[in-house]
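Written below as structure tokens is the structure these notes are about.
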Amino acid sequence: MEGYVFDIRHYSVHDGPGIRTAVFMKGCPLHCHWCHNPESQEMMPVEVVKSKSIGEKLIQMPEIIGKKMSPEQVVQEVLKSRVFFEESGGGVTFTGGEPLMQPDFLLDTIKLMKQYNVHVALDTCGYAQPAHYNEVISAVDLVLFDLKHTDSEWHRENTGVALEPVLRNLKSKAQAEKPIVIRVPLIPGFNMFEPVYSEMADILNELPGLQQIDLLPYHHIASHKYTRLGLENKMKGVKEPDKEEVDLAFDFFKAKGLKVTIGG
Ligand code: SF4
């Protein structure tokens, strides 16, 4: 069994506890307008043209994003950072894209990883078949779960999929038994409204395994990727949230009794 991976990054400190290795898997059922990894959305590898200036010359080179790997290959690459995991309380985080798009490959890789006693986190948008969701989260140590909105129509219009399957997995019995960190992307004009925060807080306060909520303010850092991939950037002209707006969200969730961080 092989799966599609587009990057493995060592020394990450924003994808769970300690120093982590992030395994970026290809394929995502969503198409969020603000996606920072649009190259992940298609399951198959994609070719892009990479430009580099050398002096006055602009060099253009083709680059393939994504490749097939076996669970053994992924685990061997991840284990290069094992000493850092042990010292920092870190581990591996499967992210993407949406790792649950490749449930069998993901599960095989997680099971192999656990043979080396490595802490495993899953970063997910929550949109997956319940059977896949339950089976995979039962095998991991921590779930990092993206909650983007509380209204199905807004969710569908801006991500391409309904919200109900996401909430069903979030509130599942299997999830109730697993530690979870909720990640909320703060997207101006989409979800940065007090009624949305309020509904989110009501949902989050019901989650038995909730450890904290990470607020992730939108930024334009990935704009160049849309140009490279020839995709429309629907966030063009949208301003990044300022400190005051982010603090407002932070204070709101804190006042609801939730442990909050900015940036994770
Ligand atoms: S769920 Fe994540 S990876 Fe998928 S489109 Fe949305 S932001 Fe991108």
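To be explicit about the labels: the chains of the structure tokens are called A, B, and onward in the order shown, and within each one the residues are counted from 1, while ligands get numbers from 1 in the order they are shown.
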Expected answer as a count of residues only: alpha helix (DSSP H) residues in range 29-94 of chain A: 15
Could you pull out the residues in range 7-183 of chain A that DSSP calls strand (DSSP E or B) from the backbone, as number ranges by chain? A: 7-12, 20-25, 46-54, 57-65, 67-69, 91-96, 119-124, 142-146, 180-183
Restricting it to N, CA and C atoms, dump the selection as a compact mmCIF listing (two decimals), in the first residue's frame.
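Output file again_0.txt follows:
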# COMPACT_ATOMS: atom_id res chain seq x y z
N ASP A 7 4.93 16.65 1.23
CA ASP A 7 6.07 17.23 1.97
C ASP A 7 6.19 16.53 3.31
N ILE A 8 7.40 16.46 3.82
CA ILE A 8 7.61 16.03 5.21
C ILE A 8 8.56 17.06 5.81
N ARG A 9 8.05 17.81 6.79
CA ARG A 9 8.84 18.90 7.37
C ARG A 9 9.20 18.60 8.80
N HIS A 10 10.49 18.67 9.08
CA HIS A 10 10.98 18.42 10.44
C HIS A 10 10.97 19.74 11.24
N TYR A 11 11.08 19.61 12.55
CA TYR A 11 11.24 20.75 13.48
C TYR A 11 10.06 21.72 13.47
N SER A 12 8.86 21.22 13.31
CA SER A 12 7.69 22.08 13.39
C SER A 12 7.31 22.28 14.85
N ARG A 20 7.93 18.67 16.32
CA ARG A 20 7.22 17.64 15.57
C ARG A 20 7.72 17.55 14.13
N THR A 21 7.45 16.42 13.54
CA THR A 21 7.62 16.28 12.10
C THR A 21 6.22 16.25 11.49
N ALA A 22 6.00 17.13 10.54
CA ALA A 22 4.68 17.23 9.90
C ALA A 22 4.71 16.48 8.56
N VAL A 23 3.81 15.53 8.42
CA VAL A 23 3.68 14.78 7.16
C VAL A 23 2.48 15.35 6.42
N PHE A 24 2.73 15.99 5.28
CA PHE A 24 1.68 16.65 4.50
C PHE A 24 1.16 15.68 3.44
N MET A 25 -0.09 15.29 3.60
CA MET A 25 -0.67 14.32 2.67
C MET A 25 -1.55 15.01 1.63
N VAL A 46 0.95 17.32 -8.83
CA VAL A 46 0.72 18.39 -9.82
C VAL A 46 2.06 19.00 -10.21
N GLU A 47 2.13 19.44 -11.47
CA GLU A 47 3.36 20.09 -11.93
C GLU A 47 3.17 21.59 -11.92
N VAL A 48 4.12 22.30 -11.33
CA VAL A 48 4.07 23.76 -11.34
C VAL A 48 5.40 24.28 -11.88
N VAL A 49 5.41 25.55 -12.25
CA VAL A 49 6.65 26.16 -12.72
C VAL A 49 7.20 27.03 -11.60
N LYS A 50 8.43 26.73 -11.21
CA LYS A 50 9.06 27.47 -10.12
C LYS A 50 10.01 28.51 -10.72
N SER A 51 9.89 29.76 -10.28
CA SER A 51 10.76 30.82 -10.80
C SER A 51 11.79 31.22 -9.76
N LYS A 52 13.01 31.45 -10.23
CA LYS A 52 14.07 31.87 -9.30
C LYS A 52 14.93 32.92 -10.00
N SER A 53 15.20 34.04 -9.32
CA SER A 53 16.05 35.08 -9.91
C SER A 53 17.50 34.81 -9.55
N ILE A 54 18.35 34.75 -10.56
CA ILE A 54 19.79 34.66 -10.31
C ILE A 54 20.40 35.87 -11.01
N LYS A 57 18.84 37.42 -14.20
CA LYS A 57 18.16 36.36 -14.96
C LYS A 57 17.03 35.72 -14.15
N LEU A 58 15.92 35.44 -14.81
CA LEU A 58 14.83 34.73 -14.17
C LEU A 58 14.84 33.29 -14.70
N ILE A 59 15.13 32.35 -13.80
CA ILE A 59 15.19 30.94 -14.22
C ILE A 59 13.86 30.28 -13.88
N GLN A 60 13.30 29.55 -14.83
CA GLN A 60 12.04 28.85 -14.57
C GLN A 60 12.24 27.34 -14.69
N MET A 61 11.81 26.64 -13.66
CA MET A 61 12.01 25.18 -13.65
C MET A 61 10.70 24.49 -13.29
N PRO A 62 10.41 23.36 -13.96
CA PRO A 62 9.21 22.62 -13.56
C PRO A 62 9.44 21.90 -12.24
N GLU A 63 8.40 21.81 -11.44
CA GLU A 63 8.52 21.09 -10.16
C GLU A 63 7.27 20.24 -9.97
N ILE A 64 7.46 18.99 -9.56
CA ILE A 64 6.33 18.11 -9.29
C ILE A 64 6.03 18.16 -7.80
N ILE A 65 4.78 18.47 -7.46
CA ILE A 65 4.39 18.51 -6.04
C ILE A 65 3.61 17.25 -5.72
N LYS A 67 4.30 12.94 -4.20
CA LYS A 67 4.87 11.68 -4.69
C LYS A 67 4.28 10.52 -3.89
N LYS A 68 4.41 9.32 -4.46
CA LYS A 68 3.92 8.13 -3.79
C LYS A 68 4.96 7.67 -2.78
N MET A 69 4.49 7.32 -1.59
CA MET A 69 5.40 6.77 -0.58
C MET A 69 4.72 5.58 0.11
N GLY A 91 6.52 14.69 18.43
CA GLY A 91 6.11 13.49 17.70
C GLY A 91 5.82 13.83 16.25
N VAL A 92 4.94 13.05 15.67
CA VAL A 92 4.59 13.27 14.27
C VAL A 92 3.15 13.79 14.17
N THR A 93 2.92 14.68 13.22
CA THR A 93 1.56 15.17 12.95
C THR A 93 1.24 14.91 11.48
N PHE A 94 0.14 14.21 11.25
CA PHE A 94 -0.32 13.99 9.88
C PHE A 94 -1.27 15.13 9.53
N THR A 95 -0.94 15.84 8.45
CA THR A 95 -1.70 17.01 8.06
C THR A 95 -1.84 17.00 6.54
N GLY A 96 -2.20 18.13 5.96
CA GLY A 96 -2.37 18.08 4.50
C GLY A 96 -2.64 19.45 3.93
N HIS A 119 4.61 9.74 19.60
CA HIS A 119 3.33 10.45 19.78
C HIS A 119 2.79 10.86 18.41
N VAL A 120 1.51 10.53 18.16
CA VAL A 120 0.92 10.80 16.84
C VAL A 120 -0.26 11.76 16.98
N ALA A 121 -0.22 12.84 16.20
CA ALA A 121 -1.35 13.77 16.14
C ALA A 121 -1.94 13.75 14.73
N LEU A 122 -3.24 13.98 14.64
CA LEU A 122 -3.91 14.07 13.34
C LEU A 122 -4.51 15.46 13.22
N ASP A 123 -4.13 16.17 12.17
CA ASP A 123 -4.70 17.48 11.87
C ASP A 123 -5.78 17.28 10.81
N THR A 124 -7.04 17.53 11.16
CA THR A 124 -8.13 17.19 10.24
C THR A 124 -9.18 18.30 10.14
N LEU A 142 -3.67 12.48 19.74
CA LEU A 142 -4.23 13.83 19.81
C LEU A 142 -4.87 14.18 18.47
N VAL A 143 -6.01 14.87 18.53
CA VAL A 143 -6.67 15.35 17.31
C VAL A 143 -6.59 16.88 17.29
N LEU A 144 -6.13 17.41 16.17
CA LEU A 144 -6.17 18.87 15.93
C LEU A 144 -7.29 19.07 14.91
N PHE A 145 -8.37 19.70 15.31
CA PHE A 145 -9.61 19.71 14.53
C PHE A 145 -9.94 21.13 14.11
N ASP A 146 -10.09 21.35 12.80
CA ASP A 146 -10.42 22.69 12.29
C ASP A 146 -11.92 22.91 12.36
N ILE A 180 -8.46 16.65 22.28
CA ILE A 180 -8.67 17.41 21.04
C ILE A 180 -8.31 18.88 21.24
N VAL A 181 -7.66 19.43 20.23
CA VAL A 181 -7.38 20.87 20.17
C VAL A 181 -8.18 21.39 18.98
N ILE A 182 -8.98 22.43 19.21
CA ILE A 182 -9.77 23.01 18.12
C ILE A 182 -8.99 24.18 17.51
N ARG A 183 -8.92 24.17 16.18
CA ARG A 183 -8.23 25.26 15.48
C ARG A 183 -9.26 26.06 14.68
What are the closest atom pairs, with distances in Å to one decimal, for each residue of chain A lying within 12 Å of ligand 1, using only C-alpha atoms and all ligand atoms, rows by chain and rising residue number, as a Markdown table?
| residue | atom | partner | partner_atom_place_in_ligand_line | distance |
| --- | --- | --- | --- | --- |
| A:Phe24 | CA | ligand 1 | 3 (S) | 9.5 |
| A:Met25 | CA | ligand 1 | 3 (S) | 9.3 |
| A:Lys26 | CA | ligand 1 | 3 (S) | 8.7 |
| A:Gly27 | CA | ligand 1 | 4 (Fe) | 7.8 |
| A:Cys28 | CA | ligand 1 | 4 (Fe) | 4.8 |
| A:Pro29 | CA | ligand 1 | 4 (Fe) | 6.6 |
| A:Leu30 | CA | ligand 1 | 5 (S) | 4.5 |
| A:His31 | CA | ligand 1 | 5 (S) | 4.0 |
| A:Cys32 | CA | ligand 1 | 6 (Fe) | 4.2 |
| A:His33 | CA | ligand 1 | 5 (S) | 7.4 |
| A:Trp34 | CA | ligand 1 | 7 (S) | 6.4 |
| A:Cys35 | CA | ligand 1 | 7 (S) | 3.9 |
| A:His36 | CA | ligand 1 | 8 (Fe) | 6.1 |
| A:Asn37 | CA | ligand 1 | 8 (Fe) | 5.5 |
| A:Pro38 | CA | ligand 1 | 8 (Fe) | 5.9 |
| A:Glu39 | CA | ligand 1 | 8 (Fe) | 8.7 |
| A:Ser40 | CA | ligand 1 | 3 (S) | 6.3 |
| A:Gln41 | CA | ligand 1 | 5 (S) | 6.1 |
| A:Glu42 | CA | ligand 1 | 5 (S) | 9.7 |
| A:Met43 | CA | ligand 1 | 4 (Fe) | 11.3 |
| A:Phe94 | CA | ligand 1 | 3 (S) | 11.8 |
| A:Thr95 | CA | ligand 1 | 3 (S) | 8.2 |
| A:Gly96 | CA | ligand 1 | 3 (S) | 5.5 |
| A:Gly97 | CA | ligand 1 | 3 (S) | 3.8 |
| A:Glu98 | CA | ligand 1 | 4 (Fe) | 5.9 |
| A:Pro99 | CA | ligand 1 | 3 (S) | 9.3 |
| A:Leu100 | CA | ligand 1 | 4 (Fe) | 10.9 |
| A:Met101 | CA | ligand 1 | 4 (Fe) | 10.4 |
| A:Asp123 | CA | ligand 1 | 2 (Fe) | 9.1 |
| A:Thr124 | CA | ligand 1 | 1 (S) | 7.4 |
| A:Cys125 | CA | ligand 1 | 1 (S) | 5.1 |
| A:Gly126 | CA | ligand 1 | 1 (S) | 8.5 |
| A:Tyr127 | CA | ligand 1 | 1 (S) | 8.4 |
| A:Ala128 | CA | ligand 1 | 1 (S) | 11.2 |
| A:Leu144 | CA | ligand 1 | 2 (Fe) | 11.7 |
| A:Phe145 | CA | ligand 1 | 1 (S) | 10.0 |
| A:Asp146 | CA | ligand 1 | 1 (S) | 7.6 |
| A:Leu147 | CA | ligand 1 | 1 (S) | 9.7 |
| A:Lys148 | CA | ligand 1 | 6 (Fe) | 9.1 |
| A:His155 | CA | ligand 1 | 6 (Fe) | 10.7 |
| A:Arg156 | CA | ligand 1 | 6 (Fe) | 11.5 |
| A:Asn158 | CA | ligand 1 | 6 (Fe) | 9.3 |
| A:Thr159 | CA | ligand 1 | 6 (Fe) | 6.5 |
| A:Gly160 | CA | ligand 1 | 5 (S) | 8.9 |
| A:Val161 | CA | ligand 1 | 1 (S) | 10.0 |
| A:Leu163 | CA | ligand 1 | 1 (S) | 11.9 |
| A:Val166 | CA | ligand 1 | 1 (S) | 11.0 |
| A:Arg183 | CA | ligand 1 | 2 (Fe) | 10.9 |
| A:Val184 | CA | ligand 1 | 7 (S) | 10.8 |
| A:Pro185 | CA | ligand 1 | 7 (S) | 8.7 |
| A:Leu186 | CA | ligand 1 | 7 (S) | 11.8 |
| A:Ile187 | CA | ligand 1 | 7 (S) | 11.2 |
| A:Leu216 | CA | ligand 1 | 7 (S) | 11.3 |
| A:Tyr218 | CA | ligand 1 | 7 (S) | 10.7 |
| A:Ala222 | CA | ligand 1 | 8 (Fe) | 11.0 |
Residue neighbourhood Lys243 in chain A, 12 Å, only C-alpha atoms, exclusion window fewer than 3 positions, as a PyMOL selection string: chain A and resi 186+217-218+240+246-251+262
For the atom pair CA of Phe85 in chain A and CA of Gly66 in chain A, what is the interatomic distance in Å to one decimal place?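 Here the two named atoms are 25.5 Å from each other.
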All residues 8 Å or closer to Thr109 in chain A, only C-alpha atoms, same chain fewer than 2 positions away omitted, as an NGL selection string: :A and (71-72 or 74-75 or 105-107 or 111-113)
Measure the distance from CA of Gln211 in chain A to CA of Gly264 in chain A in Å and round it to one decimal. 11.8 Å
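What separates CA of Glu87 in chain A from CA of His14 in chain A is a distance of 16.6 Å.
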